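Beneath this line is the structure, given in structure tokens, with notes to follow.
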Amino acid sequence: MSVIKNKKQHADRGACGKQQGYAAGLVENRGEKTMWSDRIEQTRQMRREHLAGGGGERVRKQHEKGKMTAMERIGYLLDQGSFHPVDSFFETRQDSASLLQGKTYLGDGVITGWGTIDGRRVCVAAEDFTVIGGTLGEIHAQKICNIQDMALEMKIPLILLNDSGGARIEEGILSLSGYGGMFRRHVQASGVIPQIAAILGPCSGGASYSPALCDFVFMVEGLSKMCLTGPAVVESVLGQKATLDELGGTQVHGCKSGVAHMVCADEKACLDRIRALLAYLPSNSSREAAQELISRWSASYGERVSSRGFSEKPFESIVPDNPRRAYDVHEVITNILQNDSFYEIQETFAMNAVTGFGVFDGRVLGIVANQPAYLGGAIDCNAADKIARFIRTCDCFGIPLLTLVDVPAFFPGVQQEQSGIIRHGAKILYAYAEATVPKVTLIMRKAYGGAFIAMNCKMMSADAVYAWPIAEIAVMGADGAVQIISRRQIAQAADPQQEYERQKAQYEEKFSNPFLAAKKGYVDEIILPEETVGRLKETFRLLRTKEAQPYMKKHGNIPL
């Protein structure tokens with residue numbers, strides 16, 4: 001690169017420029033406006049037009065709905081002054097403009113660019129509902145594809161703020177093919193960079209598959225609506241009347257379908273939670289990014305995590321020794337972490353399982369736990385999907401896993417069998433066996449049958465399996481087992497109830513404990529409650545140097 005070293009050289013370059021005509025219109029002449037000033041003003045005006053969206057009236061209507069504009073959302077989400085827009089001068093296709101009263105829009109209804117969150121770079125695309133309803137046309141899709149490419153090439157997180165009426169009808173196949181390009185890029189980036197979507201308005205039809213392909217989906221009560229087909233289509237095709245909330249509101253996706261990972265009270269809370277989530281995730285799947293995440297937590301642990309108000313409890317006071325008594329596993333999690341860092345994922349979906357991130361010994365940890373307070377902690381189809389997805393997310397980004405086990409079984413019954421509990425349960429088996437991150441299991445109480453195997457047992461490649469002295473590791477609980485293996489003795493006894501109690505006591509003495517499993521090597525150590533936190537810390541420290549490579553193959557065939 002040439003460097004101007006002195007005034008003479010500068011003058012010579014200027015003379016050369018004049019001879020070649022470069023100075024034409026660039027130098028002020030007799031008080032006339034220069035091309036510099038004209039073009040600078042033109043650029044500023046076009047920028048203002050782009051960021052103004054659909055104009056004051058439409059912005060006012062957006063605010064009346066309780067919604068922020070695209071630029072307001074970006075400004076709130078990112079660090080102040082850090083946003084750098086790209087592709088601002090892309091414009092709505094001219095051939096579709098005739099269907100839009102001859103009006104074209106700079107930016108075509110989406111603002112894209114990059115900025116920082118807590119100093120870390122991220123790429124952002126925010127759809128602007130004030131411009132043609134945020135609908136997706138060819139240029140709109142091209143801008144999103146460009147920012148997806150940038151995020152993947154730079155290996156930084158991608159955040160999509162969805163507020164769109166769906167495909168732009170006026171552009172037909174051009175709009176539909178735009179979605180295809182976006183979806184392909186989501187798949188290419190999957191497992192490489194974190195992809196986060198926030199539904200901040202309507203998101204219908206094909207548009208809903210973009211967030212569905214992301215790692216995390218956020219929704220806002222009262223604002224977010226996400227469905228493939230709206231009420232009018234459902235009624236015309238099926239004759240069923242349904243509201244938009246019944247088809248795709250937060251209650252549906254937060255509690256029933258499991259599409260949403262987080263449901264928030266308002267937009268600002270949603271954007272705050274996205275910022276908080278990123279603190280638990282590396283920028284990408286590389287070892288260097290994982291190390292950077294560790295360094296960031298080491299430097300800011302005291303600022304981000306508080307142990308104020310935490311009072312350590314004896315685990316014996318949280319977990320009853322009676323396997324029939326319920327308790328809240330969140331108390332166990334807090335007692336292990338010894339701080340308020342637990343960030344729960346899919347809190348209101350499949351509540352018989354608990355998944356989330358926490359900070360343990362200064363590092364991010366993924367936690368999977370059965371929840372005895374809901375369905376006794378049994379694993380149903382939804383819980384299986386929730387657990388398997390979370391395991392694979394942690395494995396993608398190098399986050400160690402702690403599994404807390406208190407599980408009686410896979411949930412029985414005709415409905416579960418017909419819903420495919422075998423297929424869904426197999427996803428957990430696949431996810432744990434495939435994961436190469438450090439994996440530690442603590443059997444707190446019940447660990448019965450196939451559910452015991454699924455919850456990261458030793459033979460499923462757990463690096464360490466610990467059990468408390470009250471743990472029960474068996475094919476099934478004493479009540480069911482005795483009814484099967486001792487039914488003749490009980491039926492023929494003079495006092496069947498007394499014989500049942502006797503047989504049950506024998507079974508519990510022989511099988512309902514962790515000692516046989518420990519003798520056979522399926523439990524690495526039986527630990528006392530007061531040893532738990534210290535033992536887990538030392539185990540995860542030991543596993544920091546673990547190196548495990550996945551099998552060399554194109555990809556596995558997970559039972560979807």
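Residue numbering restarts at 1 in every chain; chains get A, B, ... in the order shown in the structure tokens, and ligands count up from 1 in that same order.
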Exercise. Excluding same-chain residues fewer than 3 positions from A:Ala212, what lies within 10 Å of it counting only C-alpha atoms, as a list in words?
Worked result: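 Residues meeting the cut-off are Phe183, His186, Ile196, Ala197, Ala207, Ser208, Tyr209, Asp215, Phe216, Val217, Val259 and Ala260 of chain A.
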Exercise. Any idea what's packed within 6 Å of A:Val523, counting only C-alpha atoms, ignoring anything in its chain fewer than 6 positions away? Could you give it as a list in words?
Worked result: Val465, Tyr466 and Ala517 of chain A
For this session: Run DSSP on the backbone and grab whatever in stretch 138-318 of chain A lands in strand (DSSP E); send it over as a PyMOL selection string.
Result: chain A and resi 158-162+195-199+202-204+216-220+225-227+262-264
For this session: Report as a PyMOL selection string: the residues of stretch 502-544 of chain A with a DSSP assignment of alpha helix (DSSP H), based on the backbone of this structure.
Result: chain A and resi 502-510+515-519+532-542
Could you take the residues named above and write them with N, CA and C atoms, as a compact mmCIF listing (two decimals), in the first residue's frame?
```txt
# COMPACT_ATOMS: atom_id res chain seq x y z
N ARG A 502 -43.28 -58.97 53.20
CA ARG A 502 -42.05 -59.71 53.43
C ARG A 502 -41.22 -59.81 52.15
N GLN A 503 -41.90 -60.14 51.05
CA GLN A 503 -41.20 -60.24 49.77
C GLN A 503 -40.63 -58.87 49.34
N LYS A 504 -41.38 -57.82 49.61
CA LYS A 504 -40.94 -56.47 49.25
C LYS A 504 -39.69 -56.10 50.04
N ALA A 505 -39.68 -56.42 51.33
CA ALA A 505 -38.52 -56.11 52.16
C ALA A 505 -37.28 -56.85 51.66
N GLN A 506 -37.47 -58.11 51.27
CA GLN A 506 -36.34 -58.89 50.74
C GLN A 506 -35.81 -58.28 49.45
N TYR A 507 -36.72 -57.87 48.58
CA TYR A 507 -36.31 -57.27 47.30
C TYR A 507 -35.54 -55.98 47.54
N GLU A 508 -36.05 -55.14 48.43
CA GLU A 508 -35.39 -53.87 48.71
C GLU A 508 -34.01 -54.08 49.30
N GLU A 509 -33.88 -55.06 50.15
CA GLU A 509 -32.59 -55.34 50.77
C GLU A 509 -31.57 -55.81 49.75
N LYS A 510 -32.06 -56.60 48.77
CA LYS A 510 -31.15 -57.19 47.80
C LYS A 510 -30.87 -56.29 46.61
N PHE A 515 -25.28 -50.60 46.06
CA PHE A 515 -24.07 -51.35 46.38
C PHE A 515 -23.75 -52.43 45.35
N LEU A 516 -24.77 -53.12 44.87
CA LEU A 516 -24.52 -54.15 43.86
C LEU A 516 -23.96 -53.53 42.59
N ALA A 517 -24.53 -52.40 42.18
CA ALA A 517 -24.03 -51.71 40.99
C ALA A 517 -22.58 -51.27 41.18
N ALA A 518 -22.25 -50.79 42.39
CA ALA A 518 -20.89 -50.36 42.67
C ALA A 518 -19.92 -51.55 42.66
N LYS A 519 -20.37 -52.69 43.17
CA LYS A 519 -19.53 -53.89 43.18
C LYS A 519 -19.21 -54.36 41.76
N THR A 532 -20.68 -34.29 47.97
CA THR A 532 -21.16 -34.17 46.58
C THR A 532 -20.51 -33.03 45.82
N VAL A 533 -20.61 -31.82 46.35
CA VAL A 533 -20.13 -30.65 45.62
C VAL A 533 -18.63 -30.74 45.36
N GLY A 534 -17.89 -31.09 46.39
CA GLY A 534 -16.44 -31.20 46.24
C GLY A 534 -16.04 -32.26 45.24
N ARG A 535 -16.73 -33.40 45.28
CA ARG A 535 -16.40 -34.50 44.37
C ARG A 535 -16.72 -34.11 42.92
N LEU A 536 -17.85 -33.45 42.72
CA LEU A 536 -18.21 -33.03 41.36
C LEU A 536 -17.20 -32.00 40.83
N LYS A 537 -16.79 -31.07 41.66
CA LYS A 537 -15.80 -30.08 41.22
C LYS A 537 -14.52 -30.77 40.77
N GLU A 538 -14.01 -31.65 41.60
CA GLU A 538 -12.75 -32.31 41.27
C GLU A 538 -12.89 -33.18 40.03
N THR A 539 -14.05 -33.80 39.85
CA THR A 539 -14.25 -34.66 38.68
C THR A 539 -14.26 -33.84 37.40
N PHE A 540 -14.99 -32.73 37.40
CA PHE A 540 -15.01 -31.89 36.19
C PHE A 540 -13.64 -31.25 35.94
N ARG A 541 -12.88 -30.97 36.99
CA ARG A 541 -11.52 -30.47 36.79
C ARG A 541 -10.66 -31.54 36.12
N LEU A 542 -10.80 -32.79 36.56
CA LEU A 542 -10.07 -33.89 35.97
C LEU A 542 -10.40 -34.03 34.49
```
Write out as a short mmCIF file (atom, residue, chain, number, x, y, z; two decimals) with N, CA and C atoms, in the first residue's frame which residues come within 9 Å of A:Lys225 when counting only C-alpha atoms, dropping same-chain ones fewer than 6 positions away.
```cif
data_model
loop_
_atom_site.label_atom_id
_atom_site.label_comp_id
_atom_site.auth_asym_id
_atom_site.auth_seq_id
_atom_site.Cartn_x
_atom_site.Cartn_y
_atom_site.Cartn_z
N ILE A 199 -39.34 -14.25 18.27
CA ILE A 199 -40.59 -14.01 17.55
C ILE A 199 -41.26 -12.81 18.22
N LEU A 200 -41.23 -11.67 17.54
CA LEU A 200 -41.69 -10.42 18.13
C LEU A 200 -42.92 -9.86 17.41
N GLY A 201 -43.68 -10.75 16.83
CA GLY A 201 -44.87 -10.38 16.09
C GLY A 201 -45.36 -11.62 15.37
N PRO A 202 -46.02 -11.47 14.21
CA PRO A 202 -46.43 -12.66 13.47
C PRO A 202 -45.25 -13.35 12.81
N CYS A 203 -45.36 -14.66 12.66
CA CYS A 203 -44.34 -15.45 11.97
C CYS A 203 -45.07 -16.67 11.45
N SER A 204 -45.58 -16.57 10.23
CA SER A 204 -46.48 -17.61 9.74
C SER A 204 -45.97 -18.24 8.45
N MET A 219 -40.10 -16.19 22.64
CA MET A 219 -41.41 -15.62 22.31
C MET A 219 -41.84 -14.65 23.41
N LEU A 244 -55.82 -17.36 16.49
CA LEU A 244 -54.38 -17.34 16.23
C LEU A 244 -53.60 -17.79 17.46
N ASP A 245 -54.09 -17.42 18.65
CA ASP A 245 -53.42 -17.85 19.88
C ASP A 245 -53.51 -19.37 20.05
N LEU A 247 -53.62 -21.52 17.71
CA LEU A 247 -52.76 -22.17 16.71
C LEU A 247 -51.28 -21.93 16.96
N GLY A 248 -50.93 -20.74 17.43
CA GLY A 248 -49.50 -20.44 17.52
C GLY A 248 -49.12 -19.41 18.55
N GLY A 249 -49.86 -19.33 19.65
CA GLY A 249 -49.52 -18.39 20.72
C GLY A 249 -48.46 -18.95 21.65
N THR A 250 -48.11 -18.16 22.64
CA THR A 250 -47.04 -18.57 23.56
C THR A 250 -47.45 -19.76 24.42
#
```
Residues within 8 Å of stretch 62-70 of chain A, only C-alpha atoms, excluding chain neighbours under 5 positions, as a PDB file with all heavy atoms, in the first residue's frame:
```
ATOM      1  N   VAL A 110     -36.111  -5.175   6.137  1.00  0.00           N
ATOM      2  CA  VAL A 110     -35.276  -5.852   7.124  1.00  0.00           C
ATOM      3  C   VAL A 110     -33.986  -5.053   7.309  1.00  0.00           C
ATOM      4  O   VAL A 110     -33.418  -4.541   6.347  1.00  0.00           O
ATOM      5  CB  VAL A 110     -34.958  -7.309   6.702  1.00  0.00           C
ATOM      6  CG1 VAL A 110     -34.178  -7.347   5.397  1.00  0.00           C
ATOM      7  CG2 VAL A 110     -34.207  -8.050   7.798  1.00  0.00           C
ATOM      8  N   ILE A 111     -33.561  -4.918   8.550  1.00  0.00           N
ATOM      9  CA  ILE A 111     -32.308  -4.228   8.866  1.00  0.00           C
ATOM     10  C   ILE A 111     -31.295  -5.279   9.299  1.00  0.00           C
ATOM     11  O   ILE A 111     -31.572  -6.074  10.203  1.00  0.00           O
ATOM     12  CB  ILE A 111     -32.505  -3.183   9.981  1.00  0.00           C
ATOM     13  CG1 ILE A 111     -33.527  -2.128   9.548  1.00  0.00           C
ATOM     14  CG2 ILE A 111     -31.186  -2.510  10.342  1.00  0.00           C
ATOM     15  CD1 ILE A 111     -33.892  -1.139  10.640  1.00  0.00           C
ATOM     16  N   ALA A 126     -33.130  -7.832  11.744  1.00  0.00           N
ATOM     17  CA  ALA A 126     -34.390  -7.445  12.385  1.00  0.00           C
ATOM     18  C   ALA A 126     -35.410  -7.083  11.314  1.00  0.00           C
ATOM     19  O   ALA A 126     -35.215  -6.112  10.570  1.00  0.00           O
ATOM     20  CB  ALA A 126     -34.177  -6.269  13.333  1.00  0.00           C
ATOM     21  N   GLU A 127     -36.476  -7.858  11.225  1.00  0.00           N
ATOM     22  CA  GLU A 127     -37.519  -7.573  10.248  1.00  0.00           C
ATOM     23  C   GLU A 127     -38.349  -6.380  10.705  1.00  0.00           C
ATOM     24  O   GLU A 127     -38.617  -6.213  11.889  1.00  0.00           O
ATOM     25  CB  GLU A 127     -38.402  -8.802  10.046  1.00  0.00           C
ATOM     26  CG  GLU A 127     -37.661  -9.934   9.354  1.00  0.00           C
ATOM     27  CD  GLU A 127     -38.483 -11.181   9.166  1.00  0.00           C
ATOM     28  OE1 GLU A 127     -39.153 -11.601  10.138  1.00  0.00           O
ATOM     29  OE2 GLU A 127     -38.465 -11.753   8.074  1.00  0.00           O
ATOM     30  N   ASP A 128     -38.744  -5.564   9.717  1.00  0.00           N
ATOM     31  CA  ASP A 128     -39.443  -4.315  10.002  1.00  0.00           C
ATOM     32  C   ASP A 128     -40.888  -4.427   9.531  1.00  0.00           C
ATOM     33  O   ASP A 128     -41.184  -4.344   8.339  1.00  0.00           O
ATOM     34  CB  ASP A 128     -38.736  -3.164   9.274  1.00  0.00           C
ATOM     35  CG  ASP A 128     -39.256  -1.804   9.704  1.00  0.00           C
ATOM     36  OD1 ASP A 128     -40.334  -1.747  10.329  1.00  0.00           O
ATOM     37  OD2 ASP A 128     -38.582  -0.797   9.412  1.00  0.00           O
ATOM     38  N   PHE A 129     -41.802  -4.590  10.480  1.00  0.00           N
ATOM     39  CA  PHE A 129     -43.212  -4.788  10.139  1.00  0.00           C
ATOM     40  C   PHE A 129     -43.835  -3.532   9.539  1.00  0.00           C
ATOM     41  O   PHE A 129     -44.866  -3.608   8.876  1.00  0.00           O
ATOM     42  CB  PHE A 129     -44.001  -5.211  11.387  1.00  0.00           C
ATOM     43  CG  PHE A 129     -45.366  -5.756  11.080  1.00  0.00           C
ATOM     44  CD1 PHE A 129     -45.524  -7.050  10.618  1.00  0.00           C
ATOM     45  CD2 PHE A 129     -46.504  -4.972  11.244  1.00  0.00           C
ATOM     46  CE1 PHE A 129     -46.787  -7.563  10.324  1.00  0.00           C
ATOM     47  CE2 PHE A 129     -47.761  -5.465  10.953  1.00  0.00           C
ATOM     48  CZ  PHE A 129     -47.900  -6.761  10.489  1.00  0.00           C
ATOM     49  N   THR A 130     -43.199  -2.387   9.741  1.00  0.00           N
ATOM     50  CA  THR A 130     -43.754  -1.150   9.191  1.00  0.00           C
ATOM     51  C   THR A 130     -43.508  -1.030   7.686  1.00  0.00           C
ATOM     52  O   THR A 130     -44.056  -0.132   7.040  1.00  0.00           O
ATOM     53  CB  THR A 130     -43.152   0.089   9.893  1.00  0.00           C
ATOM     54  OG1 THR A 130     -41.775   0.231   9.538  1.00  0.00           O
ATOM     55  CG2 THR A 130     -43.296  -0.012  11.397  1.00  0.00           C
ATOM     56  N   LEU A 161     -34.506 -11.302  14.626  1.00  0.00           N
ATOM     57  CA  LEU A 161     -35.657 -10.703  15.285  1.00  0.00           C
ATOM     58  C   LEU A 161     -36.812 -10.716  14.294  1.00  0.00           C
ATOM     59  O   LEU A 161     -36.880  -9.887  13.386  1.00  0.00           O
ATOM     60  CB  LEU A 161     -35.325  -9.277  15.742  1.00  0.00           C
ATOM     61  CG  LEU A 161     -34.069  -9.136  16.617  1.00  0.00           C
ATOM     62  CD1 LEU A 161     -33.852  -7.681  17.012  1.00  0.00           C
ATOM     63  CD2 LEU A 161     -34.164 -10.015  17.859  1.00  0.00           C
ATOM     64  N   LEU A 200     -41.231 -11.668  17.536  1.00  0.00           N
ATOM     65  CA  LEU A 200     -41.691 -10.420  18.134  1.00  0.00           C
ATOM     66  C   LEU A 200     -42.918  -9.856  17.415  1.00  0.00           C
ATOM     67  O   LEU A 200     -43.159  -8.653  17.411  1.00  0.00           O
ATOM     68  CB  LEU A 200     -40.557  -9.396  18.126  1.00  0.00           C
ATOM     69  CG  LEU A 200     -39.280  -9.851  18.844  1.00  0.00           C
ATOM     70  CD1 LEU A 200     -38.172  -8.837  18.682  1.00  0.00           C
ATOM     71  CD2 LEU A 200     -39.550 -10.127  20.321  1.00  0.00           C
ATOM     72  N   LEU A 223     -47.656 -10.939  22.024  1.00  0.00           N
ATOM     73  CA  LEU A 223     -47.142 -10.433  20.746  1.00  0.00           C
ATOM     74  C   LEU A 223     -46.826 -11.548  19.761  1.00  0.00           C
ATOM     75  O   LEU A 223     -47.103 -11.427  18.570  1.00  0.00           O
ATOM     76  CB  LEU A 223     -45.874  -9.597  20.961  1.00  0.00           C
ATOM     77  CG  LEU A 223     -45.996  -8.243  21.637  1.00  0.00           C
ATOM     78  CD1 LEU A 223     -44.633  -7.551  21.655  1.00  0.00           C
ATOM     79  CD2 LEU A 223     -47.013  -7.361  20.927  1.00  0.00           C
ATOM     80  N   GLU A 267     -41.144  -7.325  25.270  1.00  0.00           N
ATOM     81  CA  GLU A 267     -40.017  -7.322  24.339  1.00  0.00           C
ATOM     82  C   GLU A 267     -38.687  -7.062  25.021  1.00  0.00           C
ATOM     83  O   GLU A 267     -37.679  -7.713  24.726  1.00  0.00           O
ATOM     84  CB  GLU A 267     -40.247  -6.264  23.258  1.00  0.00           C
ATOM     85  CG  GLU A 267     -41.220  -6.684  22.177  1.00  0.00           C
ATOM     86  CD  GLU A 267     -41.181  -5.737  21.001  1.00  0.00           C
ATOM     87  OE1 GLU A 267     -40.247  -5.853  20.172  1.00  0.00           O
ATOM     88  OE2 GLU A 267     -42.070  -4.892  20.900  1.00  0.00           O
TER      89      GLU A 267
END
```
For this session: Could you tell me which of A:Leu136, A:Ala491, A:Ile526, A:Ala289 comes closest to A:Ile443 if we count only C-alpha atoms?
Result: A:Ile526
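Excluding A:Leu281 itself and same-chain residues fewer than 6 positions from it, the residues having an atom within 8 Å of it are A:Pro194, A:Leu293, A:Phe397, counting only C-alpha atoms.
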